[in-house]
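Raw final-v9.tsv, TSV, C-alpha atoms:
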chain	number	residue	atom	x	y	z
J	1	MET	CA	-69.19	22.97	-52.15
J	2	GLU	CA	-68.13	20.64	-54.95
J	3	PHE	CA	-65.19	21.60	-57.15
J	4	LYS	CA	-65.88	21.68	-60.87
J	5	LEU	CA	-63.42	22.56	-63.60
J	6	GLU	CA	-64.22	25.74	-65.49
J	7	LYS	CA	-65.39	24.68	-68.94
J	8	PRO	CA	-65.69	27.27	-71.70
J	9	ASN	CA	-68.56	27.25	-74.16
J	10	ILE	CA	-67.01	26.04	-77.40
J	11	GLN	CA	-70.23	24.85	-79.04
J	12	SER	CA	-70.44	28.07	-81.03
J	13	VAL	CA	-66.95	27.65	-82.53
J	14	THR	CA	-67.44	26.48	-86.12
J	15	PRO	CA	-65.37	23.81	-87.92
J	16	GLY	CA	-64.18	26.55	-90.28
J	17	GLU	CA	-62.83	28.60	-87.38
J	18	ILE	CA	-61.09	25.53	-85.95
J	19	PHE	CA	-59.34	24.68	-89.24
J	20	LYS	CA	-58.34	28.30	-89.79
J	21	PHE	CA	-56.75	28.35	-86.34
J	22	LEU	CA	-54.94	25.06	-86.92
J	23	GLN	CA	-53.54	26.17	-90.29
J	24	ASP	CA	-52.35	29.58	-89.11
J	25	GLY	CA	-48.58	29.56	-88.63
J	26	LYS	CA	-48.87	32.15	-85.86
J	27	THR	CA	-50.88	29.77	-83.66
J	28	GLN	CA	-48.52	26.79	-83.81
J	29	ASP	CA	-46.60	27.82	-80.71
J	30	VAL	CA	-49.77	27.78	-78.59
J	31	ILE	CA	-50.80	24.42	-80.03
J	32	GLU	CA	-47.39	22.87	-79.33
J	33	LYS	CA	-47.27	24.26	-75.79
J	34	SER	CA	-50.67	22.75	-75.02
J	35	PHE	CA	-49.00	19.33	-75.35
J	36	TYR	CA	-45.40	20.00	-74.31
J	37	PRO	CA	-43.68	20.34	-71.86
J	38	GLU	CA	-47.01	19.81	-70.05
J	39	TYR	CA	-50.37	18.52	-71.22
J	40	LEU	CA	-52.47	21.60	-70.46
J	41	TYR	CA	-56.12	22.16	-69.65
J	42	TRP	CA	-58.25	25.21	-70.45
J	43	ASP	CA	-57.37	26.93	-67.16
J	44	LYS	CA	-53.83	27.41	-68.54
J	45	ILE	CA	-54.66	27.72	-72.24
J	46	LYS	CA	-56.95	30.73	-71.70
J	47	TYR	CA	-53.96	32.83	-70.60
J	48	LYS	CA	-51.83	32.08	-73.67
J	49	GLU	CA	-51.14	35.01	-75.96
J	50	LEU	CA	-52.93	34.68	-79.30
J	51	PRO	CA	-53.13	36.67	-82.53
J	52	GLU	CA	-55.81	39.29	-81.94
J	53	GLN	CA	-58.30	37.76	-84.39
J	54	TYR	CA	-58.67	34.64	-82.24
J	55	LYS	CA	-60.47	34.09	-78.98
J	56	SER	CA	-59.17	31.71	-76.32
J	57	GLU	CA	-62.29	29.58	-76.81
J	58	THR	CA	-61.30	29.04	-80.45
J	59	ALA	CA	-57.85	27.90	-79.37
J	60	TRP	CA	-59.34	25.44	-76.89
J	61	ALA	CA	-61.83	24.10	-79.44
J	62	ALA	CA	-58.94	23.52	-81.87
J	63	ILE	CA	-56.82	21.79	-79.23
J	64	LYS	CA	-59.73	19.56	-78.20
J	65	PHE	CA	-60.26	18.69	-81.87
J	66	LEU	CA	-56.63	17.63	-82.19
J	67	ARG	CA	-56.77	15.57	-79.03
J	68	LYS	CA	-59.83	13.71	-80.27
J	69	ASN	CA	-58.93	13.31	-83.93
J	70	ALA	CA	-55.33	14.03	-84.93
J	71	PHE	CA	-53.57	11.78	-82.42
J	72	HIS	CA	-54.23	8.12	-81.80
J	73	ARG	CA	-56.47	7.93	-78.76
J	74	GLN	CA	-56.60	4.56	-77.05
J	75	ASP	CA	-59.27	3.39	-74.65
J	76	SER	CA	-57.97	2.10	-71.34
J	77	VAL	CA	-59.62	-0.69	-69.36
J	78	ILE	CA	-60.60	1.84	-66.68
J	79	THR	CA	-64.28	2.78	-66.66
J	80	SER	CA	-66.01	5.58	-64.81
J	81	GLU	CA	-69.18	4.93	-62.87
J	82	ASP	CA	-71.33	6.23	-65.73
J	83	GLY	CA	-69.88	3.60	-68.06
J	84	THR	CA	-67.51	5.88	-69.98
J	85	LYS	CA	-64.00	4.57	-70.59
J	86	PHE	CA	-60.94	6.59	-69.68
J	87	SER	CA	-58.70	7.07	-72.71
J	88	TRP	CA	-55.23	8.42	-73.44
J	89	LEU	CA	-53.07	9.69	-76.28
J	90	ASP	CA	-50.47	7.03	-77.02
J	91	SER	CA	-48.84	8.50	-80.14
J	92	MET	CA	-47.03	11.58	-78.86
J	93	PRO	CA	-43.33	11.34	-79.87
J	94	ARG	CA	-41.99	12.36	-76.47
J	95	TYR	CA	-43.60	9.31	-74.88
J	96	ASN	CA	-41.63	7.03	-77.21
J	97	GLU	CA	-38.44	8.78	-76.17
J	98	PHE	CA	-39.42	8.56	-72.50
J	99	LEU	CA	-40.21	4.84	-72.67
J	100	HIS	CA	-36.99	4.12	-74.55
J	101	GLU	CA	-35.04	5.83	-71.78
J	102	ILE	CA	-36.92	3.79	-69.17
J	103	ASP	CA	-36.24	0.51	-70.98
J	104	MET	CA	-32.55	1.35	-71.36
J	105	ASN	CA	-31.97	2.67	-67.86
J	106	LEU	CA	-34.42	1.25	-65.34
J	107	GLY	CA	-33.99	-2.42	-66.02
J	108	GLY	CA	-30.61	-4.11	-65.90
J	109	ALA	CA	-28.55	-1.02	-66.72
J	110	LEU	CA	-29.31	0.78	-63.45
J	111	LEU	CA	-29.95	4.24	-64.86
J	112	GLY	CA	-27.16	3.90	-67.39
J	113	LEU	CA	-24.40	4.11	-64.82
J	114	ALA	CA	-21.04	3.02	-66.18
J	115	ARG	CA	-19.84	1.05	-63.19
J	116	ASP	CA	-21.17	-2.19	-61.77
J	117	LEU	CA	-22.42	-2.17	-58.21
J	118	ASP	CA	-21.69	-4.92	-55.75
J	119	GLU	CA	-24.52	-6.27	-53.59
J	120	ARG	CA	-23.63	-4.03	-50.64
J	121	GLU	CA	-23.77	-0.90	-52.81
J	122	LYS	CA	-27.05	-1.99	-54.40
J	123	ARG	CA	-28.54	-2.56	-50.96
J	124	GLN	CA	-27.43	0.91	-49.85
J	125	PHE	CA	-29.08	2.56	-52.84
J	126	ILE	CA	-32.26	0.51	-52.44
J	127	THR	CA	-32.46	1.27	-48.71
J	128	ARG	CA	-32.06	4.97	-49.44
J	129	GLY	CA	-34.75	4.85	-52.14
J	130	VAL	CA	-37.19	2.90	-49.97
J	131	MET	CA	-36.62	5.25	-47.01
J	132	GLU	CA	-37.17	8.36	-49.12
J	133	GLU	CA	-40.28	6.88	-50.72
J	134	ALA	CA	-41.75	5.81	-47.38
J	135	ILE	CA	-41.19	9.24	-45.83
J	136	ALA	CA	-42.49	11.26	-48.79
J	137	SER	CA	-45.51	9.02	-49.42
J	138	SER	CA	-46.48	9.45	-45.77
J	139	GLN	CA	-45.93	13.21	-45.87
J	140	LEU	CA	-48.21	13.41	-48.91
J	141	GLU	CA	-50.92	11.89	-46.71
J	142	GLY	CA	-50.32	14.35	-43.87
J	143	ALA	CA	-47.44	12.87	-41.84
J	144	ASN	CA	-45.90	15.80	-39.99
J	145	THR	CA	-42.19	15.20	-39.42
J	146	THR	CA	-38.88	16.11	-41.03
J	147	ARG	CA	-36.85	13.87	-43.33
J	148	ARG	CA	-33.90	14.02	-40.93
J	149	VAL	CA	-35.91	12.84	-37.92
J	150	ALA	CA	-37.71	10.19	-39.98
J	151	LYS	CA	-34.49	8.78	-41.44
J	152	GLN	CA	-32.88	8.68	-38.02
J	153	MET	CA	-35.88	6.77	-36.66
J	154	LEU	CA	-35.72	4.21	-39.49
J	155	ARG	CA	-31.95	3.73	-39.25
J	156	GLU	CA	-32.02	3.31	-35.48
J	157	GLY	CA	-35.12	1.13	-35.47
J	158	ARG	CA	-36.68	3.44	-32.90
J	159	LYS	CA	-40.36	2.93	-32.07
J	160	PRO	CA	-42.74	5.60	-33.40
J	161	ARG	CA	-43.73	8.37	-31.00
J	162	ASN	CA	-46.85	9.54	-32.83
J	163	LYS	CA	-49.19	8.76	-35.71
J	164	SER	CA	-46.98	10.51	-38.28
J	165	GLU	CA	-43.97	8.40	-37.38
J	166	GLN	CA	-46.12	5.25	-37.35
J	167	MET	CA	-47.30	6.08	-40.86
J	168	ILE	CA	-43.69	6.33	-42.06
J	169	ILE	CA	-42.67	3.04	-40.44
J	170	ASN	CA	-45.71	1.35	-41.99
J	171	ASN	CA	-44.79	2.66	-45.44
J	172	TYR	CA	-41.17	1.61	-45.00
J	173	GLN	CA	-42.07	-1.92	-43.98
J	174	ALA	CA	-44.60	-2.20	-46.81
J	175	MET	CA	-42.07	-1.02	-49.41
J	176	LEU	CA	-39.48	-3.51	-48.15
J	177	PHE	CA	-42.11	-6.26	-48.27
J	178	ILE	CA	-42.93	-5.37	-51.88
J	179	GLU	CA	-39.27	-5.17	-52.89
J	180	LYS	CA	-38.22	-8.43	-51.22
J	181	ASP	CA	-41.30	-10.68	-51.35
J	182	LEU	CA	-44.48	-9.38	-52.95
J	183	LYS	CA	-42.96	-8.53	-56.34
J	184	SER	CA	-42.91	-12.24	-57.23
J	185	SER	CA	-46.54	-12.80	-56.19
J	186	LYS	CA	-49.84	-12.35	-57.97
J	187	LEU	CA	-52.22	-9.67	-56.80
J	188	SER	CA	-55.47	-10.68	-55.11
J	189	LEU	CA	-58.09	-8.98	-52.98
J	190	ASP	CA	-56.53	-10.60	-49.91
J	191	VAL	CA	-53.11	-9.20	-50.86
J	192	ILE	CA	-54.58	-5.72	-51.36
J	193	GLN	CA	-56.29	-5.86	-47.98
J	194	ASP	CA	-53.16	-7.20	-46.26
J	195	LEU	CA	-51.09	-4.45	-47.83
J	196	HIS	CA	-53.63	-1.87	-46.67
J	197	VAL	CA	-53.40	-3.24	-43.11
J	198	MET	CA	-49.62	-2.97	-43.29
J	199	LEU	CA	-49.80	0.63	-44.56
J	200	THR	CA	-52.43	1.87	-42.09
J	201	LYS	CA	-51.64	-0.03	-38.88
J	202	ASN	CA	-52.29	2.20	-35.83
J	203	THR	CA	-52.87	5.30	-37.98
J	204	LEU	CA	-56.64	5.29	-38.63
J	205	ASP	CA	-59.38	6.63	-36.38
J	206	SER	CA	-60.68	3.09	-36.00
J	207	GLU	CA	-58.58	-0.08	-36.05
J	208	LYS	CA	-61.57	-1.83	-37.66
J	209	ASP	CA	-60.99	0.18	-40.84
J	210	GLU	CA	-57.58	-1.43	-41.44
J	211	GLY	CA	-58.07	-3.64	-44.50
J	212	ARG	CA	-61.85	-3.13	-44.53
J	213	LEU	CA	-63.41	-2.22	-47.87
J	214	ARG	CA	-65.62	0.81	-47.50
J	215	THR	CA	-69.39	0.60	-47.97
J	216	ASP	CA	-71.95	3.13	-49.16
J	217	LYS	CA	-72.70	3.88	-45.50
J	218	ASP	CA	-69.21	5.35	-45.07
J	219	GLU	CA	-70.02	8.25	-47.44
J	220	ILE	CA	-66.36	8.99	-48.18
J	221	VAL	CA	-65.46	12.11	-50.17
J	222	VAL	CA	-62.06	13.61	-50.97
J	223	HIS	CA	-62.01	17.21	-49.84
J	224	SER	CA	-59.64	20.06	-48.98
J	225	ALA	CA	-59.15	21.73	-45.61
J	226	ASP	CA	-61.88	24.28	-46.41
J	227	GLY	CA	-64.39	21.52	-47.16
J	228	THR	CA	-64.34	21.77	-50.96
J	229	ILE	CA	-65.17	18.33	-52.39
J	230	TYR	CA	-62.80	17.17	-55.14
J	231	HIS	CA	-63.87	13.56	-55.56
J	232	ARG	CA	-66.97	11.59	-54.67
J	233	THR	CA	-66.11	7.93	-54.33
J	234	PRO	CA	-67.98	5.46	-56.56
J	235	ARG	CA	-70.76	3.32	-55.15
J	236	GLU	CA	-69.86	0.16	-53.25
J	237	GLU	CA	-71.21	-2.26	-55.88
J	238	PHE	CA	-69.31	-0.56	-58.71
J	239	THR	CA	-66.11	-0.37	-56.65
J	240	ARG	CA	-66.16	-4.09	-55.80
J	241	LYS	CA	-66.67	-5.09	-59.45
J	242	GLU	CA	-63.95	-2.72	-60.65
J	243	LEU	CA	-61.52	-3.99	-58.01
J	244	GLU	CA	-61.89	-7.44	-59.56
J	245	ARG	CA	-61.04	-5.97	-62.96
J	246	LEU	CA	-58.12	-3.99	-61.50
J	247	ILE	CA	-56.71	-7.20	-60.01
J	248	ALA	CA	-57.07	-9.01	-63.35
J	249	TYR	CA	-55.33	-6.11	-65.10
J	250	ALA	CA	-52.50	-6.07	-62.54
J	251	ASN	CA	-51.98	-9.81	-63.12
J	252	ASP	CA	-52.02	-9.25	-66.91
J	253	ASP	CA	-55.18	-11.36	-67.24
J	254	LEU	CA	-57.11	-8.33	-68.51
J	255	ARG	CA	-55.41	-6.49	-71.34
J	256	ASP	CA	-55.72	-3.15	-73.10
J	257	GLU	CA	-57.19	-3.07	-76.59
J	258	GLY	CA	-53.79	-1.98	-77.91
J	259	PHE	CA	-50.32	-2.28	-76.44
J	260	ALA	CA	-49.69	-0.44	-73.18
J	261	HIS	CA	-46.11	-0.27	-71.94
J	262	PRO	CA	-45.60	-1.73	-68.42
J	263	VAL	CA	-44.67	1.71	-67.08
J	264	PHE	CA	-47.91	3.14	-68.45
J	265	LYS	CA	-49.82	0.20	-66.96
J	266	ALA	CA	-48.26	0.93	-63.57
J	267	ILE	CA	-49.37	4.56	-63.89
J	268	PHE	CA	-52.88	3.45	-64.84
J	269	LEU	CA	-53.03	1.14	-61.80
J	270	HIS	CA	-51.93	4.08	-59.64
J	271	PHE	CA	-54.75	6.21	-61.03
J	272	TRP	CA	-57.33	3.43	-60.90
J	273	MET	CA	-56.77	2.63	-57.23
J	274	GLY	CA	-56.94	6.32	-56.37
J	275	TYR	CA	-60.12	6.74	-58.41
J	276	LEU	CA	-61.90	3.75	-56.82
J	277	HIS	CA	-60.80	4.78	-53.33
J	278	PRO	CA	-61.85	1.37	-51.96
J	279	PHE	CA	-60.89	2.00	-48.33
J	280	VAL	CA	-61.91	4.60	-45.78
J	281	ASP	CA	-58.37	6.03	-45.72
J	282	GLY	CA	-54.87	5.17	-46.94
J	283	ASN	CA	-55.84	4.90	-50.62
J	284	GLY	CA	-53.09	7.23	-51.84
J	285	ARG	CA	-50.38	5.24	-50.07
J	286	LEU	CA	-51.86	2.03	-51.45
J	287	ALA	CA	-52.03	3.41	-55.01
J	288	ARG	CA	-48.36	4.41	-54.95
J	289	ALA	CA	-47.34	1.07	-53.43
J	290	LEU	CA	-49.24	-0.75	-56.19
J	291	PHE	CA	-47.40	1.35	-58.77
J	292	TYR	CA	-44.04	0.16	-57.41
J	293	TRP	CA	-45.22	-3.45	-57.08
J	294	TYR	CA	-46.18	-3.67	-60.75
J	295	LEU	CA	-42.90	-2.16	-61.95
J	296	LEU	CA	-40.73	-4.42	-59.79
J	297	LYS	CA	-42.85	-7.42	-60.82
J	298	ASN	CA	-42.01	-6.58	-64.44
J	299	ASP	CA	-38.26	-6.33	-63.71
J	300	TYR	CA	-38.02	-2.55	-63.73
J	301	TRP	CA	-35.98	-2.88	-60.56
J	302	GLY	CA	-34.31	0.51	-61.07
J	303	PHE	CA	-37.52	2.03	-59.69
J	304	ALA	CA	-36.54	0.71	-56.26
J	305	TYR	CA	-33.88	3.44	-56.28
J	306	LEU	CA	-36.27	6.25	-57.22
J	307	PRO	CA	-38.33	7.89	-54.45
J	308	LEU	CA	-41.03	9.18	-56.80
J	309	SER	CA	-43.23	10.43	-53.96
J	310	ARG	CA	-40.49	12.85	-52.91
J	311	ILE	CA	-40.75	14.48	-56.34
J	312	ILE	CA	-44.56	14.45	-56.22
J	313	LYS	CA	-44.43	16.03	-52.76
J	314	SER	CA	-42.86	19.13	-54.28
J	315	SER	CA	-46.07	19.70	-56.29
J	316	PRO	CA	-48.96	18.08	-54.36
J	317	ALA	CA	-51.56	20.43	-55.84
J	318	GLN	CA	-50.55	19.40	-59.38
J	319	TYR	CA	-50.78	15.74	-58.34
J	320	GLY	CA	-54.34	16.26	-57.14
J	321	MET	CA	-55.27	18.27	-60.22
J	322	ALA	CA	-53.92	15.53	-62.51
J	323	TYR	CA	-56.66	13.29	-61.09
J	324	ILE	CA	-59.29	16.01	-61.46
J	325	TYR	CA	-58.38	16.92	-65.04
J	326	ALA	CA	-58.53	13.23	-66.00
J	327	GLU	CA	-61.93	12.76	-64.34
J	328	GLN	CA	-63.58	15.99	-65.44
J	329	ASP	CA	-62.17	16.61	-68.94
J	330	ASP	CA	-63.82	13.82	-70.92
J	331	ASN	CA	-62.08	11.03	-68.96
J	332	ASP	CA	-58.75	12.02	-70.50
J	333	LEU	CA	-56.20	9.88	-68.67
J	334	THR	CA	-53.37	11.66	-70.50
J	335	TYR	CA	-53.30	14.36	-67.81
J	336	PHE	CA	-52.37	11.87	-65.10
J	337	LEU	CA	-50.07	9.88	-67.36
J	338	ASP	CA	-48.23	13.04	-68.38
J	339	TYR	CA	-47.82	14.27	-64.80
J	340	ILE	CA	-46.38	11.00	-63.48
J	341	ALA	CA	-44.12	10.58	-66.54
J	342	ARG	CA	-42.63	14.03	-65.95
J	343	LYS	CA	-42.03	13.21	-62.28
J	344	ILE	CA	-40.33	9.94	-63.21
J	345	LYS	CA	-37.97	11.82	-65.53
J	346	GLN	CA	-37.20	14.29	-62.77
J	347	SER	CA	-36.55	11.51	-60.26
J	348	ILE	CA	-34.12	9.83	-62.69
J	349	LYS	CA	-32.26	13.12	-63.12
J	350	GLU	CA	-32.01	13.65	-59.37
J	351	PHE	CA	-30.84	10.08	-58.76
J	352	ARG	CA	-28.07	10.46	-61.33
J	353	GLU	CA	-26.92	13.64	-59.63
J	354	TYR	CA	-26.97	11.89	-56.25
J	355	GLU	CA	-25.03	8.90	-57.59
J	356	GLN	CA	-22.39	11.17	-59.13
J	357	ARG	CA	-21.94	12.96	-55.81
J	358	THR	CA	-21.62	9.59	-54.09
J	359	GLN	CA	-19.04	8.41	-56.62
J	360	LYS	CA	-16.96	11.55	-56.15
J	361	GLY	CA	-17.16	11.20	-52.38
J	362	ASN	CA	-16.06	7.57	-52.51
J	363	ALA	CA	-13.18	8.40	-54.87
J	364	LYS	CA	-12.01	11.14	-52.51
J	365	MET	CA	-12.11	8.74	-49.55
J	366	VAL	CA	-10.01	6.17	-51.47
J	367	LYS	CA	-7.51	8.84	-52.51
J	368	GLU	CA	-7.15	10.13	-48.95
J	369	ALA	CA	-6.71	6.59	-47.65
J	370	ARG	CA	-3.74	6.09	-49.97
J	371	ILE	CA	-1.93	9.22	-48.76
This entry written out as structure tokens:
Amino acid sequence: MEFKLEKPNIQSVTPGEIFKFLQDGKTQDVIEKSFYPEYLYWDKIKYKELPEQYKSETAWAAIKFLRKNAFHRQDSVITSEDGTKFSWLDSMPRYNEFLHEIDMNLGGALLGLARDLDEREKRQFITRGVMEEAIASSQLEGANTTRRVAKQMLREGRKPRNKSEQMIINNYQAMLFIEKDLKSSKLSLDVIQDLHVMLTKNTLDSEKDEGRLRTDKDEIVVHSADGTIYHRTPREEFTRKELERLIAYANDDLRDEGFAHPVFKAIFLHFWMGYLHPFVDGNGRLARALFYWYLLKNDYWGFAYLPLSRIIKSSPAQYGMAYIYAEQDDNDLTYFLDYIARKIKQSIKEFREYEQRTQKGNAKMVKEARI
């Protein structure tokens, strides 16, 4: 069975009904909450309480009208297999605030922390972030082990005992490679394939699939445990051509029609790699690694401290649905952009809390040493 989003019939909703809904002061709360704090689809909108004279379909028709006409919608460089471009809303005020915070805190200011860190402290924070990211990214792909056991394995340099532990070690080594070496390099098909080999070594059903681009004969689909199909991968010919465009975009040789902030570009690359699904397996790990590579390449080195996958792991169903909403609701990339942006904000918050606890612990140790 193939999963399809429920889509209400809004063809019968007249322009007059849409404008009446938009101008009614009693409907403004529903309109605002369709954009913030989350960018919502119909499956959530239909449960919102409305004045009794309005149907949920009218609300959705009005919201869709706003998303197409009232905000600036920008085409991305990402194209679906039917030739339709993915687009996104780039004029929502909260995105400006979000990007300002990123620019202030995830470049040289290290999340706005007041104190300077020496190289040893920086390395400790980076190692922690890379470990957490490697573990969580692997767990998102099915690695079955605890954080405690995984961290102990990485710290001790112990050899993996099973496929789950191998997956974590692969992710860890790949993240370190990106952070230390790859961030200063251009992307190429060879680099993508080498990175895929690094991420999937000794974890796939066949060693031959490590770094091998899938073909139409592979017939890969993304499905749940019960067999429900959520994504049919594009044809081989389309995927190969789009990979070339993805590489050009990642190297800033292919540009958006308007300005796209580097953080948004990293999110788009994340989505694009996941959408193309160019390998038999390991595409999610590769997409998240590419996201980090682009940010570090553009000097957003604070992201090395943020294990974003650990935050995503707390809501894996929402992560998957962000892809589906984007693909099935008129190629609206805003769903995926909004989800990742919210998870970045959450990861910043959690890092600050962790750093404050670390600072207090260090201060206590110094105080006790002086007694």
* **Nearby residues (all atoms listed in the file) at most 10 Å from Glu219 (chain J), same-chain spacing under 4 positions excluded, as a ChimeraX atom specification** => /J:214-215,232-236,280
* Spatial neighbours of Ala59 (chain J), max dist 10 Å, only C-alpha atoms, sep filter under 3 positions, as a VMD selection string -> chain J and resid 10 13 17 to 18 21 to 22 27 30 to 31 34 42 45 to 46 48 50 54 to 56 62 to 65
* To do: Extract, using all atoms listed in the file, all DNA, RNA and protein residues at most 12 Å from Phe259 (chain J), discarding same-chain residues fewer than 3 positions from it, and format them as a list of chain:residue names.
  => J:Gln74, J:Asp75, J:Ser76, J:Val77, J:Asp90, J:Ser91, J:Asp252, J:Arg255, J:Asp256, J:Pro262, J:Val263, J:Phe264, J:Lys265
Build an axis-aligned box that encloses every atom of region 249-267 of chain J listed in the file, pad it by 6 Å on each side, and report its centre and edge lengths in Å to one decimal, as AutoDock Vina command-line options.
--center_x -50.9 --center_y -3.4 --center_z -70.2 --size_x 24.5 --size_y 27.9 --size_z 27.4
* Asked: Hey, what's within 7 Å of Leu5 (chain J) if we count only C-alpha atoms and toss same-chain stuff fewer than 2 positions away? As an NGL selection string, please?
  -> :J and (3 or 7 or 328)
Output C-alpha atoms for every residue in the selection just made, as a compact mmCIF listing (two decimals), keeping the file's coordinate frame.
# COMPACT_ATOMS: atom_id res chain seq x y z
CA PHE J 3 -65.19 21.60 -57.15
CA LYS J 7 -65.39 24.68 -68.94
CA GLN J 328 -63.58 15.99 -65.44
* To do: Name the residues in contact with Lys151 (chain J) at a cut-off of 9 Å, using all atoms listed in the file, excluding same-chain residues fewer than 4 positions from it; report them as a ChimeraX atom specification.
  => /J:131-132,135,146-147,155-156
* Quick one: residues within 8 Å of (-46.6, 15.6, -52.0) (file frame), counting only C-alpha atoms, please, as a list in words. =>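 Nearby residues: Ala136, Ser137, Gln139, Leu140, Glu141, Ser309, Arg310, Ile311, Ile312, Lys313, Ser314, Ser315, Pro316, Ala317 and Tyr319 of chain J.
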* To do: Give the answer as one residue: which of J:Leu204, J:Ala174, J:Ala250, J:Ile78 has the shortest atom-to-atom distance to Glu327 (chain J), using all atoms listed in the file?
  => J:Ile78
* To do: Please measure the separation of CA of Lys208 (chain J) and CA of His277 (chain J), giving the value in Å to one decimal.
  => 17.0 Å
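With distances restricted to only C-alpha atoms, J:Lys180 is the closest residue to Val130 (chain J) from J:Arg245, J:Arg161, J:Arg342, J:Lys180.
Coordinates place CA of Arg67 (chain J) at a distance of 11.3 Å from CA of Leu40 (chain J).
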* **d(CA of Thr203 (chain J), CA of Lys163 (chain J)) in Å** =>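 Rounded to one decimal, the two atoms are 5.5 Å apart.
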* Asked: Hey, which of J:Tyr339, J:Thr239, J:Tyr354, J:Gly302 ends up closest to Glu81 (chain J)? Count only C-alpha atoms.
  -> J:Thr239
